[in-house]
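Reproduced below: protein08.cif, with mmCIF, C-alpha atoms.
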```
data_protein
loop_
_atom_site.group_PDB
_atom_site.id
_atom_site.type_symbol
_atom_site.label_atom_id
_atom_site.label_comp_id
_atom_site.auth_asym_id
_atom_site.auth_seq_id
_atom_site.Cartn_x
_atom_site.Cartn_y
_atom_site.Cartn_z
ATOM 1 C CA MET D 127 6.982 -23.398 2.884
ATOM 2 C CA ASN D 128 4.861 -21.146 5.074
ATOM 3 C CA SER D 129 4.352 -17.403 5.081
ATOM 4 C CA LEU D 130 5.367 -16.771 1.487
ATOM 5 C CA THR D 131 4.572 -13.625 -0.439
ATOM 6 C CA LYS D 132 2.900 -14.019 -3.842
ATOM 7 C CA TYR D 133 6.206 -13.264 -5.535
ATOM 8 C CA CYS D 134 8.127 -15.769 -3.383
ATOM 9 C CA HIS D 135 5.474 -18.411 -4.083
ATOM 10 C CA TYR D 136 5.691 -17.706 -7.823
ATOM 11 C CA VAL D 137 9.496 -17.896 -7.944
ATOM 12 C CA LEU D 138 9.728 -20.975 -5.723
ATOM 13 C CA SER D 139 7.148 -22.788 -7.863
ATOM 14 C CA LEU D 140 9.100 -22.222 -11.095
ATOM 15 C CA GLU D 141 10.472 -25.242 -12.878
ATOM 16 C CA LYS D 142 14.238 -25.372 -13.236
ATOM 17 C CA ASP D 143 15.522 -22.855 -15.810
ATOM 18 C CA HIS D 144 12.051 -21.346 -16.320
ATOM 19 C CA ASP D 145 11.961 -17.543 -15.949
ATOM 20 C CA PRO D 146 15.549 -17.161 -14.696
ATOM 21 C CA GLU D 147 15.243 -13.350 -14.661
ATOM 22 C CA ASN D 148 12.649 -13.432 -11.871
ATOM 23 C CA LYS D 149 14.545 -16.129 -9.959
ATOM 24 C CA ILE D 150 17.790 -14.129 -10.005
ATOM 25 C CA TYR D 151 16.022 -10.864 -9.126
ATOM 26 C CA HIS D 152 14.060 -12.488 -6.281
ATOM 27 C CA ASP D 153 17.127 -14.218 -4.842
ATOM 28 C CA THR D 154 19.646 -11.379 -5.099
ATOM 29 C CA GLU D 155 17.898 -7.984 -5.368
ATOM 30 C CA TYR D 156 14.257 -7.916 -4.299
ATOM 31 C CA GLY D 157 13.925 -6.515 -0.785
ATOM 32 C CA PHE D 158 17.661 -5.929 -0.420
ATOM 33 C CA THR D 159 19.033 -2.554 0.644
ATOM 34 C CA LEU D 160 20.629 -0.534 -2.147
ATOM 35 C CA LYS D 161 23.608 1.570 -1.158
ATOM 36 C CA SER D 162 23.960 3.998 -4.054
ATOM 37 C CA ASP D 163 21.655 6.812 -5.108
ATOM 38 C CA ASP D 164 22.120 5.829 -8.753
ATOM 39 C CA GLU D 165 20.998 2.255 -8.038
ATOM 40 C CA LEU D 166 17.995 3.518 -6.051
ATOM 41 C CA PHE D 167 17.098 5.812 -8.926
ATOM 42 C CA GLY D 168 17.618 2.976 -11.396
ATOM 43 C CA ARG D 169 15.102 0.888 -9.475
ATOM 44 C CA LEU D 170 12.635 3.790 -9.571
ATOM 45 C CA ILE D 171 13.113 4.075 -13.344
ATOM 46 C CA LEU D 172 12.451 0.343 -13.734
ATOM 47 C CA GLU D 173 9.352 0.477 -11.515
ATOM 48 C CA ILE D 174 7.964 3.456 -13.450
ATOM 49 C CA ASN D 175 8.573 1.658 -16.723
ATOM 50 C CA GLN D 176 6.850 -1.467 -15.463
ATOM 51 C CA ALA D 177 3.504 0.362 -15.184
ATOM 52 C CA GLY D 178 1.078 -1.463 -17.472
ATOM 53 C CA LEU D 179 3.599 -4.177 -18.335
ATOM 54 C CA SER D 180 4.891 -7.379 -16.784
ATOM 55 C CA TRP D 181 7.865 -7.267 -14.444
ATOM 56 C CA THR D 182 9.447 -10.044 -16.515
ATOM 57 C CA THR D 183 9.484 -7.698 -19.528
ATOM 58 C CA ILE D 184 11.341 -5.090 -17.473
ATOM 59 C CA LEU D 185 13.826 -7.615 -16.074
ATOM 60 C CA ARG D 186 14.602 -8.845 -19.586
ATOM 61 C CA LYS D 187 15.310 -5.249 -20.660
ATOM 62 C CA LYS D 188 17.118 -4.244 -17.455
ATOM 63 C CA GLU D 189 20.617 -4.118 -18.944
ATOM 64 C CA ASN D 190 19.275 -2.191 -21.947
ATOM 65 C CA PHE D 191 17.809 0.360 -19.517
ATOM 66 C CA ARG D 192 21.130 0.537 -17.661
ATOM 67 C CA LYS D 193 22.968 1.276 -20.925
ATOM 68 C CA ALA D 194 20.349 3.688 -22.325
ATOM 69 C CA TYR D 195 20.166 5.603 -19.028
ATOM 70 C CA LYS D 196 23.947 5.894 -18.596
ATOM 71 C CA ASN D 197 24.250 3.327 -15.777
ATOM 72 C CA PHE D 198 21.363 5.129 -14.032
ATOM 73 C CA SER D 199 23.595 8.121 -13.323
ATOM 74 C CA ILE D 200 21.342 10.753 -11.773
ATOM 75 C CA LYS D 201 23.807 13.477 -12.698
ATOM 76 C CA LYS D 202 23.961 12.431 -16.378
ATOM 77 C CA ILE D 203 20.206 11.834 -16.726
ATOM 78 C CA SER D 204 19.432 15.235 -15.187
ATOM 79 C CA LYS D 205 21.339 16.795 -18.090
ATOM 80 C CA PHE D 206 19.633 14.818 -20.867
ATOM 81 C CA SER D 207 18.813 16.991 -23.848
ATOM 82 C CA GLU D 208 16.211 16.736 -26.587
ATOM 83 C CA LYS D 209 18.765 14.644 -28.498
ATOM 84 C CA ASP D 210 18.946 12.179 -25.576
ATOM 85 C CA PHE D 211 15.140 12.087 -25.403
ATOM 86 C CA ASP D 212 14.987 11.278 -29.133
ATOM 87 C CA ARG D 213 17.663 8.597 -28.693
ATOM 88 C CA LEU D 214 15.594 6.964 -25.944
ATOM 89 C CA MET D 215 12.385 7.191 -27.971
ATOM 90 C CA ASN D 216 14.150 5.304 -30.777
ATOM 91 C CA ASP D 217 15.768 2.650 -28.546
ATOM 92 C CA ALA D 218 13.882 -0.630 -29.090
ATOM 93 C CA GLY D 219 15.750 -2.157 -26.137
ATOM 94 C CA ILE D 220 13.776 -0.118 -23.584
ATOM 95 C CA ILE D 221 10.174 0.999 -23.131
ATOM 96 C CA ARG D 222 9.649 3.849 -25.581
ATOM 97 C CA ASN D 223 7.025 5.870 -23.767
ATOM 98 C CA ARG D 224 7.409 9.638 -23.792
ATOM 99 C CA LEU D 225 5.765 10.091 -20.364
ATOM 100 C CA LYS D 226 8.056 7.522 -18.759
ATOM 101 C CA ILE D 227 11.175 8.957 -20.396
ATOM 102 C CA ASN D 228 10.208 12.487 -19.372
ATOM 103 C CA ALA D 229 9.553 11.205 -15.837
ATOM 104 C CA ALA D 230 13.088 9.787 -15.609
ATOM 105 C CA ILE D 231 14.632 13.095 -16.686
ATOM 106 C CA HIS D 232 12.354 15.208 -14.473
ATOM 107 C CA ASN D 233 12.810 12.931 -11.444
ATOM 108 C CA ALA D 234 16.605 12.955 -11.884
ATOM 109 C CA ASN D 235 16.498 16.742 -11.543
ATOM 110 C CA VAL D 236 14.296 16.450 -8.458
ATOM 111 C CA ILE D 237 16.789 14.039 -6.893
ATOM 112 C CA ILE D 238 19.651 16.447 -7.632
ATOM 113 C CA GLY D 239 17.746 18.963 -5.482
ATOM 114 C CA LEU D 240 17.140 16.365 -2.754
ATOM 115 C CA GLN D 241 20.840 15.497 -2.741
ATOM 116 C CA LYS D 242 21.719 19.170 -2.255
ATOM 117 C CA GLU D 243 19.256 19.499 0.615
ATOM 118 C CA PHE D 244 19.648 16.105 2.338
ATOM 119 C CA GLY D 245 23.059 14.885 1.196
ATOM 120 C CA SER D 246 21.687 11.958 -0.817
ATOM 121 C CA PHE D 247 18.498 10.396 -2.155
ATOM 122 C CA GLN D 248 18.979 7.653 0.419
ATOM 123 C CA ASP D 249 19.228 10.224 3.232
ATOM 124 C CA TRP D 250 15.979 11.805 1.988
ATOM 125 C CA LEU D 251 14.289 8.384 2.148
ATOM 126 C CA HIS D 252 15.715 7.753 5.630
ATOM 127 C CA SER D 253 14.563 11.184 6.818
ATOM 128 C CA HIS D 254 10.958 10.152 6.095
ATOM 129 C CA HIS D 255 11.167 6.598 7.437
ATOM 130 C CA PRO D 256 9.027 5.020 8.784
ATOM 131 C CA LYS D 257 5.796 5.843 6.977
ATOM 132 C CA SER D 258 2.761 3.874 5.912
ATOM 133 C CA LEU D 259 2.327 3.124 2.221
ATOM 134 C CA GLU D 260 -0.381 5.781 2.062
ATOM 135 C CA GLU D 261 1.944 8.399 3.583
ATOM 136 C CA TRP D 262 4.811 7.388 1.288
ATOM 137 C CA THR D 263 2.544 7.567 -1.756
ATOM 138 C CA LYS D 264 1.394 11.091 -0.867
ATOM 139 C CA LEU D 265 5.020 12.167 -0.376
ATOM 140 C CA PHE D 266 6.164 10.623 -3.657
ATOM 141 C CA LYS D 267 3.257 12.140 -5.598
ATOM 142 C CA LYS D 268 4.125 15.543 -4.120
ATOM 143 C CA THR D 269 7.832 15.109 -4.962
ATOM 144 C CA PHE D 270 8.058 13.126 -8.214
ATOM 145 C CA VAL D 271 6.069 12.556 -11.415
ATOM 146 C CA PHE D 272 4.588 9.301 -12.769
ATOM 147 C CA VAL D 273 4.426 7.653 -9.336
ATOM 148 C CA GLY D 274 1.231 6.006 -8.174
ATOM 149 C CA GLY D 275 0.525 3.693 -5.275
ATOM 150 C CA GLU D 276 1.706 0.507 -6.973
ATOM 151 C CA ILE D 277 4.952 2.072 -8.249
ATOM 152 C CA VAL D 278 5.691 3.552 -4.813
ATOM 153 C CA ASN D 279 4.827 0.278 -3.071
ATOM 154 C CA GLU D 280 7.062 -1.832 -5.304
ATOM 155 C CA PHE D 281 9.914 0.673 -5.257
ATOM 156 C CA LEU D 282 9.913 0.873 -1.447
ATOM 157 C CA MET D 283 9.365 -2.843 -0.904
ATOM 158 C CA SER D 284 12.022 -3.824 -3.432
ATOM 159 C CA THR D 285 14.581 -1.499 -1.812
ATOM 160 C CA GLY D 286 13.837 -2.497 1.780
ATOM 161 C CA TYR D 287 11.864 0.543 2.959
ATOM 162 C CA LEU D 288 8.571 -1.343 3.257
ATOM 163 C CA GLU D 289 8.148 -4.834 4.648
ATOM 164 C CA GLY D 290 6.752 -7.612 2.508
ATOM 165 C CA ALA D 291 9.252 -8.478 -0.220
ATOM 166 C CA HIS D 292 9.811 -11.934 1.291
ATOM 167 C CA GLY D 293 7.801 -13.908 3.811
ATOM 168 C CA PRO D 294 9.515 -15.683 6.730
ATOM 169 C CA GLY D 295 8.976 -19.016 4.942
ATOM 170 C CA CYS D 296 11.069 -17.896 1.970
ATOM 171 C CA PRO D 297 14.658 -19.206 1.901
ATOM 172 C CA ILE D 298 15.825 -15.690 0.878
ATOM 173 C CA TYR D 299 14.135 -13.940 3.836
ATOM 174 C CA LYS D 300 17.146 -14.145 6.184
ATOM 175 C CA LYS D 301 19.559 -13.171 3.414
ATOM 176 C CA ALA D 302 17.481 -10.047 2.703
ATOM 177 C CA LEU D 303 17.430 -9.229 6.445
ATOM 178 C CA LYS D 304 21.242 -9.307 6.494
ATOM 179 C CA SER D 305 21.223 -6.336 4.081
ATOM 180 C CA LYS D 306 19.665 -4.349 6.952
ATOM 181 C CA PRO D 307 16.469 -3.144 5.282
ATOM 182 C CA ALA D 308 15.081 0.083 6.716
ATOM 183 C CA TRP D 309 11.726 -1.540 7.546
ATOM 184 C CA ASN D 310 13.504 -3.829 10.018
ATOM 185 C CA SER D 311 15.468 -1.095 11.795
ATOM 186 C CA LYS D 312 14.815 -0.603 15.481
ATOM 187 C CA LYS D 313 14.856 3.181 15.033
ATOM 188 C CA LYS D 314 11.320 4.572 14.976
ATOM 189 C CA LYS D 315 10.208 8.185 14.767
#
```
Show me the file's structure as C-alpha cells.
Amino acid sequence: MNSLTKYCHYVLSLEKDHDPENKIYHDTEYGFTLKSDDELFGRLILEINQAGLSWTTILRKKENFRKAYKNFSIKKISKFSEKDFDRLMNDAGIIRNRLKINAAIHNANVIIGLQKEFGSFQDWLHSHHPKSLEEWTKLFKKTFVFVGGEIVNEFLMSTGYLEGAHGPGCPIYKKALKSKPAWNSKKKK
C-alpha cells in the first residue's frame, strides 16, 4: 500500500478482530460526508471529548454518548438544564468532564444561532469552505468553546471538509470520495 495516512496504516496493520471499533470507524465513517446537522454536531462532541484521551476510548463509548446526548439532537441539547448536566456528570458511560459537558451545551446553542442565520450548521461550514486549517481553527475558536487546533483538524478531516482522512493507497479512499467530501469539490472561493 502506498500513500497511506497514519490512521489508515494503523487500521490496515491490525490483526483480524483486533480493535474492531477503529476498523469500522475508518472503513465507514472517517472522512465521509455527514448529511445531518445533528450527526455533524455529534462528531464535534466526540472530538471534544477525545481531547487528552485515546480515540479508541471514545469509539467504545460512542453509543453511550449518543444515548446520553439525546441522539446528538442540537435542539434538545441546547435546552439541557442543570438536571441534565448533573445526569451527564454522573453517567459512567461517557466522559464526565464538566468543561466538555458545558462545551456541548454551549456549542449546541451557538449552532441554533448558526442555523437561524445560515439555514443549517452544514450551510455555515459550506459558507466558509475552503479554508486552511489555521483559518478554520481561528473561526472555530471565535465561534465555539473547547476547540483547539487538533479538535478542529480532526472534526473537519473526519467530516470531509479537510483532506487527509485517507491516502490514495487506502482501499477506503475511493469509497470516501463517493460521499462527495467538501475538500474534493471543484468549487473554490
Sel. within 12 Å of pt (7.0, 18.4, -5.2), counting only C-alpha atoms, output as number ranges by chain
D: 232-233, 235-237, 239-240, 264-271, 273
Could you pull out every residue with an atom within 9 Å of (8.3, 5.9, -11.8), file coordinates, counting only C-alpha atoms, and send them as an NGL selection string?
:D and (169-177 or 226 or 229-230 or 233 or 270-274 or 277-278 or 281)
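Using only C-alpha atoms, the nearest neighbour of Glu280 of chain D within the list D:Ile298, D:Ile220, D:Leu259, D:Leu179 is D:Leu259.
Proximity ranking of D:Ser207, D:Asn228, D:Met215, D:Pro307 relative to Pro256 of chain D places D:Pro307 first, based on all atoms listed in the file.
Atom CA of Asp153 of chain D to atom CA of Ala302 of chain D spans 8.6 Å [interatomic distance, one decimal].
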If you apply the PyMOL selection byres ((chain D and resi 248) around 8) to this file, what residues do you get, as a list of chain:residue names?
D:Lys161, D:Ser162, D:Asp163, D:Leu166, D:Ser246, D:Phe247, D:Asp249, D:Trp250, D:Leu251, D:His252
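Relative to atom CA of Asp143 of chain D, atom CA of Lys193 of chain D is found at 25.8 Å.
The smallest atom-to-atom distance between Ala308 of chain D and any of D:Leu138, D:Thr159, D:His292, D:Gln241, using all atoms listed in the file, is found for D:Thr159.
Taking only C-alpha atoms into account, His135 of chain D lies nearest to D:Pro297 out of the set D:Glu276, D:Asn190, D:Pro297, D:Leu288.
Computed from the coordinates, the atom CA of Ser305 of chain D to atom CA of Gly290 of chain D distance equals 14.6 Å.
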Got a sec to resolve the PyMOL selection byres ((chain D and resi 147) around 8) on this structure and send the residues as a ChimeraX atom specification?
/D:145-146,148-151,182,185-186
I'd like the box whose edges run along x, y and z of the file and which contains every listed atom of segment 200-205 of chain D, padded by 8 Å per side; could you state its centre and edge lengths in Å, one decimal, as AutoDock Vina command-line options?
```
--center_x 21.7 --center_y 13.8 --center_z -14.9 --size_x 20.5 --size_y 22.0 --size_z 22.3
```
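Matched in the shown structure by the PyMOL selection byres ((chain D and resi 219) around 10): Arg186, Lys187, Lys188, Glu189, Asn190, Phe191, Lys193, Ala194, Leu214, Asn216, Asp217, Ala218, Ile220, Ile221 and Arg222 of chain D.
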